[in-house]
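Structure data follow from target-v9.pdb (PDB, C-alpha atoms):
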```pdb
ATOM      1  CA  ARG A  13       0.000   0.000   0.000
ATOM      2  CA  LYS A  14       1.326   3.407  -0.924
ATOM      3  CA  GLU A  15       1.966   5.878   1.871
ATOM      4  CA  VAL A  16      -0.447   8.453   0.512
ATOM      5  CA  GLU A  17      -3.143   7.582  -1.993
ATOM      6  CA  GLN A  18      -5.458   9.758  -4.005
ATOM      7  CA  ASP A  19      -7.881   9.122  -6.807
ATOM      8  CA  PRO A  20      -6.178  10.763  -9.799
ATOM      9  CA  GLY A  21      -9.507  11.655 -11.443
ATOM     10  CA  PRO A  22     -10.087  13.719 -13.423
ATOM     11  CA  PHE A  23     -13.143  15.061 -11.701
ATOM     12  CA  ASN A  24     -15.067  16.932 -14.357
ATOM     13  CA  VAL A  25     -17.701  19.235 -12.836
ATOM     14  CA  PRO A  26     -19.779  22.223 -13.954
ATOM     15  CA  GLU A  27     -19.327  25.659 -12.483
ATOM     16  CA  GLY A  28     -21.158  26.015  -9.217
ATOM     17  CA  ALA A  29     -20.938  22.349  -8.318
ATOM     18  CA  THR A  30     -19.680  20.981  -5.034
ATOM     19  CA  VAL A  31     -16.874  18.461  -5.284
ATOM     20  CA  ALA A  32     -14.990  16.448  -2.676
ATOM     21  CA  PHE A  33     -11.681  14.625  -2.733
ATOM     22  CA  ASN A  34     -10.340  12.090  -0.304
ATOM     23  CA  CYS A  35      -6.801  11.101   0.489
ATOM     24  CA  THR A  36      -5.801   8.068   2.543
ATOM     25  CA  TYR A  37      -2.521   7.618   4.355
ATOM     26  CA  SER A  38      -0.902   4.507   5.744
ATOM     27  CA  ASN A  39       1.317   5.818   8.529
ATOM     28  CA  SER A  40      -0.766   6.122  11.683
ATOM     29  CA  ALA A  41       2.035   8.161  13.255
ATOM     30  CA  SER A  42       1.550  10.953  10.728
ATOM     31  CA  GLN A  43       1.487  14.285  12.444
ATOM     32  CA  SER A  44       0.349  16.960  10.071
ATOM     33  CA  PHE A  45      -1.603  17.182   6.874
ATOM     34  CA  PHE A  46      -1.979  19.667   4.076
ATOM     35  CA  TRP A  47      -3.690  20.252   0.789
ATOM     36  CA  TYR A  48      -1.648  21.843  -1.982
ATOM     37  CA  ARG A  49      -2.773  23.040  -5.351
ATOM     38  CA  GLN A  50      -0.595  22.577  -8.428
ATOM     39  CA  ASP A  51      -1.248  24.213 -11.768
ATOM     40  CA  CYS A  52       0.227  22.718 -14.886
ATOM     41  CA  ARG A  53       4.033  22.959 -14.947
ATOM     42  CA  LYS A  54       4.079  25.117 -11.828
ATOM     43  CA  GLU A  55       5.212  24.483  -8.293
ATOM     44  CA  PRO A  56       2.711  23.285  -5.676
ATOM     45  CA  LYS A  57       1.212  26.016  -3.523
ATOM     46  CA  LEU A  58      -0.236  25.554  -0.079
ATOM     47  CA  LEU A  59      -4.019  25.639  -0.146
ATOM     48  CA  MET A  60      -4.699  24.868   3.470
ATOM     49  CA  SER A  61      -3.529  22.934   6.468
ATOM     50  CA  VAL A  62      -5.813  20.252   7.839
ATOM     51  CA  TYR A  63      -6.580  20.372  11.525
ATOM     52  CA  SER A  64      -8.072  17.664  13.695
ATOM     53  CA  SER A  65     -11.147  19.772  14.292
ATOM     54  CA  GLY A  66     -11.572  20.466  10.594
ATOM     55  CA  ASN A  67     -11.152  23.874   9.051
ATOM     56  CA  GLU A  68     -12.816  26.067   6.519
ATOM     57  CA  ASP A  69     -11.464  28.813   4.289
ATOM     58  CA  GLY A  70     -14.130  30.406   2.150
ATOM     59  CA  ARG A  71     -15.404  27.795  -0.285
ATOM     60  CA  PHE A  72     -12.879  25.211   0.868
ATOM     61  CA  THR A  73     -13.319  22.834   3.795
ATOM     62  CA  ALA A  74     -10.729  20.327   4.953
ATOM     63  CA  GLN A  75     -11.331  17.490   7.367
ATOM     64  CA  LEU A  76      -9.200  14.859   9.049
ATOM     65  CA  ASN A  77     -10.360  11.422  10.120
ATOM     66  CA  ARG A  78      -7.570   9.835  12.137
ATOM     67  CA  ALA A  79      -9.499   6.659  12.910
ATOM     68  CA  SER A  80      -9.920   5.867   9.232
ATOM     69  CA  GLN A  81      -6.681   7.594   8.228
ATOM     70  CA  TYR A  82      -7.944   9.909   5.578
ATOM     71  CA  ILE A  83      -8.278  13.592   4.900
ATOM     72  CA  SER A  84     -10.792  15.276   2.674
ATOM     73  CA  LEU A  85     -11.163  18.499   0.756
ATOM     74  CA  LEU A  86     -14.554  19.919  -0.140
ATOM     75  CA  ILE A  87     -14.911  22.692  -2.687
ATOM     76  CA  ARG A  88     -18.248  24.476  -2.869
ATOM     77  CA  ASP A  89     -19.519  26.651  -5.700
ATOM     78  CA  SER A  90     -16.719  25.579  -8.041
ATOM     79  CA  LYS A  91     -15.140  28.239 -10.242
ATOM     80  CA  LEU A  92     -13.373  27.787 -13.547
ATOM     81  CA  SER A  93     -10.218  28.966 -11.804
ATOM     82  CA  ASP A  94     -10.393  26.020  -9.413
ATOM     83  CA  SER A  95      -9.267  23.743 -12.257
ATOM     84  CA  ALA A  96      -5.947  22.308 -11.099
ATOM     85  CA  THR A  97      -4.402  19.274  -9.489
ATOM     86  CA  TYR A  98      -4.927  18.992  -5.738
ATOM     87  CA  LEU A  99      -2.156  17.294  -3.832
ATOM     88  CA  CYS A 100      -2.554  15.724  -0.452
ATOM     89  CA  VAL A 101       0.562  16.009   1.694
ATOM     90  CA  VAL A 102       1.199  14.051   4.843
ATOM     91  CA  ASN A 103       4.020  14.653   7.274
ATOM     92  CA  GLY A 104       4.961  11.228   8.551
ATOM     93  CA  GLY A 105       6.587  10.190  11.776
ATOM     94  CA  SER A 106       9.829  11.834  10.744
ATOM     95  CA  TYR A 107       8.038  14.948   9.438
ATOM     96  CA  ILE A 108       9.113  14.381   5.876
ATOM     97  CA  PRO A 109       6.383  15.626   3.546
ATOM     98  CA  THR A 110       5.020  12.832   1.395
ATOM     99  CA  PHE A 111       2.815  13.672  -1.531
ATOM    100  CA  GLY A 112      -0.104  11.879  -2.994
ATOM    101  CA  ARG A 113      -0.278  11.569  -6.744
ATOM    102  CA  GLY A 114      -2.800  14.355  -6.902
ATOM    103  CA  THR A 115      -6.403  14.608  -8.004
ATOM    104  CA  SER A 116      -7.149  16.469 -11.193
ATOM    105  CA  LEU A 117     -10.154  18.802 -11.156
ATOM    106  CA  ILE A 118     -11.653  20.274 -14.298
ATOM    107  CA  VAL A 119     -14.408  22.837 -13.869
ATOM    108  CA  HIS A 120     -16.300  23.574 -17.086
ATOM    109  CA  PRO A 121     -18.779  26.320 -17.952
TER     110      PRO A 121
ATOM    111  CA  GLY B  17       3.711  32.615   3.211
ATOM    112  CA  ALA B  18       7.445  32.328   3.258
ATOM    113  CA  VAL B  19       9.377  32.732   0.025
ATOM    114  CA  VAL B  20      11.615  30.130  -1.517
ATOM    115  CA  SER B  21      13.469  31.077  -4.646
ATOM    116  CA  GLN B  22      14.697  28.411  -7.023
ATOM    117  CA  HIS B  23      16.623  28.916 -10.189
ATOM    118  CA  PRO B  24      17.055  28.454 -12.979
ATOM    119  CA  SER B  25      13.421  28.000 -13.953
ATOM    120  CA  TRP B  26      14.395  25.961 -16.920
ATOM    121  CA  VAL B  27      17.610  24.656 -18.385
ATOM    122  CA  ILE B  28      18.589  22.719 -21.453
ATOM    123  CA  CYS B  29      21.909  20.946 -21.359
ATOM    124  CA  LYS B  30      23.854  18.464 -23.411
ATOM    125  CA  SER B  31      24.122  14.879 -22.345
ATOM    126  CA  GLY B  32      27.157  14.317 -20.156
ATOM    127  CA  THR B  33      27.307  17.804 -18.695
ATOM    128  CA  SER B  34      26.440  18.852 -15.144
ATOM    129  CA  VAL B  35      23.696  21.201 -14.059
ATOM    130  CA  LYS B  36      23.408  23.043 -10.764
ATOM    131  CA  ILE B  37      20.055  24.116  -9.323
ATOM    132  CA  GLU B  38      19.875  26.580  -6.444
ATOM    133  CA  CYS B  39      17.230  26.860  -3.782
ATOM    134  CA  ARG B  40      17.161  29.810  -1.419
ATOM    135  CA  SER B  41      14.894  30.678   1.475
ATOM    136  CA  LEU B  42      14.527  34.429   1.322
ATOM    137  CA  ASP B  43      12.860  35.366   4.564
ATOM    138  CA  PHE B  44      13.417  32.461   6.924
ATOM    139  CA  GLN B  45      16.097  30.057   7.969
ATOM    140  CA  ALA B  46      15.577  26.708   6.327
ATOM    141  CA  THR B  47      16.850  24.101   8.721
ATOM    142  CA  THR B  48      15.597  21.386   6.401
ATOM    143  CA  MET B  49      15.342  21.328   2.649
ATOM    144  CA  PHE B  50      13.799  18.688   0.450
ATOM    145  CA  TRP B  51      14.439  17.949  -3.185
ATOM    146  CA  TYR B  52      11.718  16.389  -5.280
ATOM    147  CA  ARG B  53      11.450  15.220  -8.846
ATOM    148  CA  GLN B  54       8.237  15.078 -10.823
ATOM    149  CA  PHE B  55       7.767  13.242 -14.098
ATOM    150  CA  PRO B  56       4.726  14.082 -16.259
ATOM    151  CA  LYS B  57       1.402  13.044 -14.748
ATOM    152  CA  GLN B  58       3.135  11.587 -11.711
ATOM    153  CA  SER B  59       3.436  12.675  -8.125
ATOM    154  CA  LEU B  60       6.331  14.517  -6.610
ATOM    155  CA  MET B  61       8.859  11.946  -5.541
ATOM    156  CA  LEU B  62      11.215  12.802  -2.735
ATOM    157  CA  MET B  63      14.823  12.474  -3.782
ATOM    158  CA  ALA B  64      16.623  13.582  -0.660
ATOM    159  CA  THR B  65      16.372  15.466   2.596
ATOM    160  CA  SER B  66      19.105  17.770   3.743
ATOM    161  CA  ASN B  67      19.698  19.486   7.041
ATOM    162  CA  GLU B  68      21.987  22.475   7.203
ATOM    163  CA  GLY B  69      25.557  21.421   7.807
ATOM    164  CA  SER B  70      24.867  17.707   7.420
ATOM    165  CA  LYS B  71      25.090  15.252   4.585
ATOM    166  CA  ALA B  72      21.876  14.719   2.708
ATOM    167  CA  THR B  73      19.782  11.630   3.251
ATOM    168  CA  TYR B  74      18.850  10.086  -0.063
ATOM    169  CA  GLU B  75      15.763   8.043  -0.797
ATOM    170  CA  GLN B  76      16.136   4.500  -2.002
ATOM    171  CA  GLY B  77      16.981   4.348  -5.680
ATOM    172  CA  VAL B  78      18.430   7.862  -5.868
ATOM    173  CA  GLU B  79      22.124   7.877  -6.706
ATOM    174  CA  LYS B  80      23.925  10.182  -4.319
ATOM    175  CA  ASP B  81      26.971  10.424  -6.574
ATOM    176  CA  LYS B  82      24.806  11.562  -9.449
ATOM    177  CA  PHE B  83      22.614  14.000  -7.559
ATOM    178  CA  LEU B  84      24.924  16.022  -5.356
ATOM    179  CA  ILE B  85      23.213  18.031  -2.663
ATOM    180  CA  ASN B  86      24.881  20.729  -0.656
ATOM    181  CA  HIS B  87      23.148  22.556   2.181
ATOM    182  CA  ALA B  88      25.966  24.708   3.413
ATOM    183  CA  SER B  89      23.932  27.507   4.950
ATOM    184  CA  LEU B  90      20.508  28.044   6.473
ATOM    185  CA  THR B  91      19.322  29.823   3.350
ATOM    186  CA  LEU B  92      20.853  27.915   0.476
ATOM    187  CA  SER B  93      20.803  24.394  -0.845
ATOM    188  CA  THR B  94      22.031  23.251  -4.227
ATOM    189  CA  LEU B  95      21.327  20.177  -6.302
ATOM    190  CA  THR B  96      23.867  19.272  -8.954
ATOM    191  CA  VAL B  97      22.897  16.734 -11.573
ATOM    192  CA  THR B  98      26.195  15.294 -12.716
ATOM    193  CA  SER B  99      26.767  13.721 -16.111
ATOM    194  CA  ALA B 100      23.161  14.348 -17.038
ATOM    195  CA  HIS B 101      21.376  11.995 -19.418
ATOM    196  CA  PRO B 102      18.055  12.349 -21.242
ATOM    197  CA  GLU B 103      16.329  10.166 -18.635
ATOM    198  CA  ASP B 104      17.201  12.826 -16.034
ATOM    199  CA  SER B 105      14.936  15.267 -17.846
ATOM    200  CA  SER B 106      12.269  16.162 -15.331
ATOM    201  CA  PHE B 107      10.772  18.869 -13.153
ATOM    202  CA  TYR B 108      12.869  19.363 -10.032
ATOM    203  CA  ILE B 109      11.412  21.204  -7.063
ATOM    204  CA  CYS B 110      12.955  22.190  -3.784
ATOM    205  CA  SER B 111      11.079  22.690  -0.584
ATOM    206  CA  ALA B 112      12.218  24.334   2.605
ATOM    207  CA  ARG B 113      10.947  24.639   6.120
ATOM    208  CA  GLU B 114      12.098  26.302   9.266
ATOM    209  CA  VAL B 115      10.477  24.110  11.868
ATOM    210  CA  ILE B 116       8.090  21.199  11.764
ATOM    211  CA  THR B 117       5.349  22.953   9.886
ATOM    212  CA  GLU B 118       4.303  23.215   6.291
ATOM    213  CA  ALA B 119       7.064  23.436   3.759
ATOM    214  CA  PHE B 120       7.337  26.114   1.118
ATOM    215  CA  PHE B 121       8.263  25.413  -2.447
ATOM    216  CA  GLY B 122      10.556  26.932  -4.977
ATOM    217  CA  GLN B 123       9.261  27.660  -8.455
ATOM    218  CA  GLY B 124      10.699  24.469  -9.847
ATOM    219  CA  THR B 125      13.299  23.823 -12.526
ATOM    220  CA  ARG B 126      12.463  22.101 -15.770
ATOM    221  CA  LEU B 127      15.542  20.243 -16.915
ATOM    222  CA  THR B 128      15.819  18.984 -20.456
ATOM    223  CA  VAL B 129      18.853  16.947 -21.385
ATOM    224  CA  VAL B 130      19.471  16.612 -25.092
TER     225      VAL B 130
END
```
Transcribe the structure of this file into structure tokens.
Amino acid sequence: RKEVEQDPGPFNVPEGATVAFNCTYSNSASQSFFWYRQDCRKEPKLLMSVYSSGNEDGRFTAQLNRASQYISLLIRDSKLSDSATYLCVVNGGSYIPTFGRGTSLIVHP
Amino acid sequence: GAVVSQHPSWVICKSGTSVKIECRSLDFQATTMFWYRQFPKQSLMLMATSNEGSKATYEQGVEKDKFLINHASLTLSTLTVTSAHPEDSSFYICSAREVITEAFFGQGTRLTVV
């Protein structure tokens, strides 16, 4: 089993839709979790950290489920500009960031 | 967020030559830097982890004599691809962090070996 797994997609949704991605991790000792966004041929950029209590930033909501070892990202009211690849990042027991493969999102008019 | 500057952004080199990529943390002290490689449609794969003043720790399958990493100061790490070959063509990204929090990324370097 890979350390961090994501459904690569693509998720193809219309503008205004709500879409959710999950990411599972194998190391139960993982300490911190993040969602990054990566546009084509660009570096990843931090979208949001994921806290145990869950957190929300505008249209984006991130949640952590330690018991089932997954994190989720919910995007409401999708915009065309949300089209990108969303990377799940898990800091393992040694705090080395490990990336998922990424989930591709395509928002169409 | 913190700023990490990586350059060059892209480089084309001849097979057999060496290429150096620099990664600088501009407004924080990067105690740890990570080097990743990303092939098309694949995830970022960690190549090595370096702590300032120490030798880098390489991931399994990454040749340390081919990918030389130097982290001589708290603001600069370099990756040198020695005797580059076409199969080394990839997107290389550095990441830096000050403490055990989120890491910040450089802009990435697209290396093409011809």
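Using all atoms listed in the file, we find that the part of chain B lying within 8 Å of chain A comprises Gln58, Ser59, Leu60, Met61, Leu62, Ile109, Ile116, Thr117, Glu118, Ala119, Phe120, Phe121, Gly122, Gln123 and Gly124 of chain B.
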Explicit residues for the PyMOL selection byres ((chain B and resi 108) around 10) (as an MDAnalysis selection string) = (chainID A and resid 55) or (chainID B and resid 22 25:26 37 51:55 60:63 95 104:107 109:110 122:127)
What do you get, as a compact mmCIF listing (two decimals) with C-alpha atoms, in the coordinates of the input, if you spell out every residue that the PyMOL selection byres ((chain A and resi 75) around 8) selects here?
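The new file out_6.txt reads:
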```txt
# COMPACT_ATOMS: atom_id res chain seq x y z
CA VAL A 62 -5.81 20.25 7.84
CA TYR A 63 -6.58 20.37 11.52
CA SER A 64 -8.07 17.66 13.70
CA SER A 65 -11.15 19.77 14.29
CA GLY A 66 -11.57 20.47 10.59
CA ASN A 67 -11.15 23.87 9.05
CA THR A 73 -13.32 22.83 3.80
CA ALA A 74 -10.73 20.33 4.95
CA LEU A 76 -9.20 14.86 9.05
CA ASN A 77 -10.36 11.42 10.12
CA ILE A 83 -8.28 13.59 4.90
CA SER A 84 -10.79 15.28 2.67
CA LEU A 85 -11.16 18.50 0.76
```
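With the shown file loaded, the PyMOL selection byres ((chain A and resi 120) around 7) picks out Val25, Pro26, Glu27, Leu92, Ile118, Val119 and Pro121 of chain A.
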Work out where the centre of an axis-aligned box around every listed atom of segment 114-128 of chain B lies and how long its edges are once 5 Å is added on each side; give both in Å to one decimal as lines of an AutoDock Vina configuration file.
```
center_x = 10.1
center_y = 23.3
center_z = -4.3
size_x = 21.5
size_y = 18.7
size_z = 42.3
```
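Across the model, the gap from atom CA of Thr91 of chain B to atom CA of Val20 of chain B is 9.1 Å.
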Compile the contact shell of Asn86 of chain B as a PyMOL selection string: residues with an atom at most 8 Å away, counting only C-alpha atoms, same-chain residues fewer than 3 positions apart removed.
-> chain B and resi 66+71-72+93-95
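Atom pair atom CA of Thr96 of chain B / atom CA of Glu114 of chain B has a distance of 22.8 Å (rounded to one decimal).
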Find the distance between atom CA of His23 of chain B and atom CA of Asp81 of chain B and write it in Å to one decimal.
-> 21.5 Å
Among the residues B:Ser34, B:Thr65, B:Ser41, B:Thr128, the one that comes closest to Val78 of chain B [using only C-alpha atoms] = B:Thr65
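Across A:Leu86, A:Ala41, A:Val31, A:Cys100, the tightest approach to Glu68 of chain A is made by A:Leu86 when counting only C-alpha atoms.
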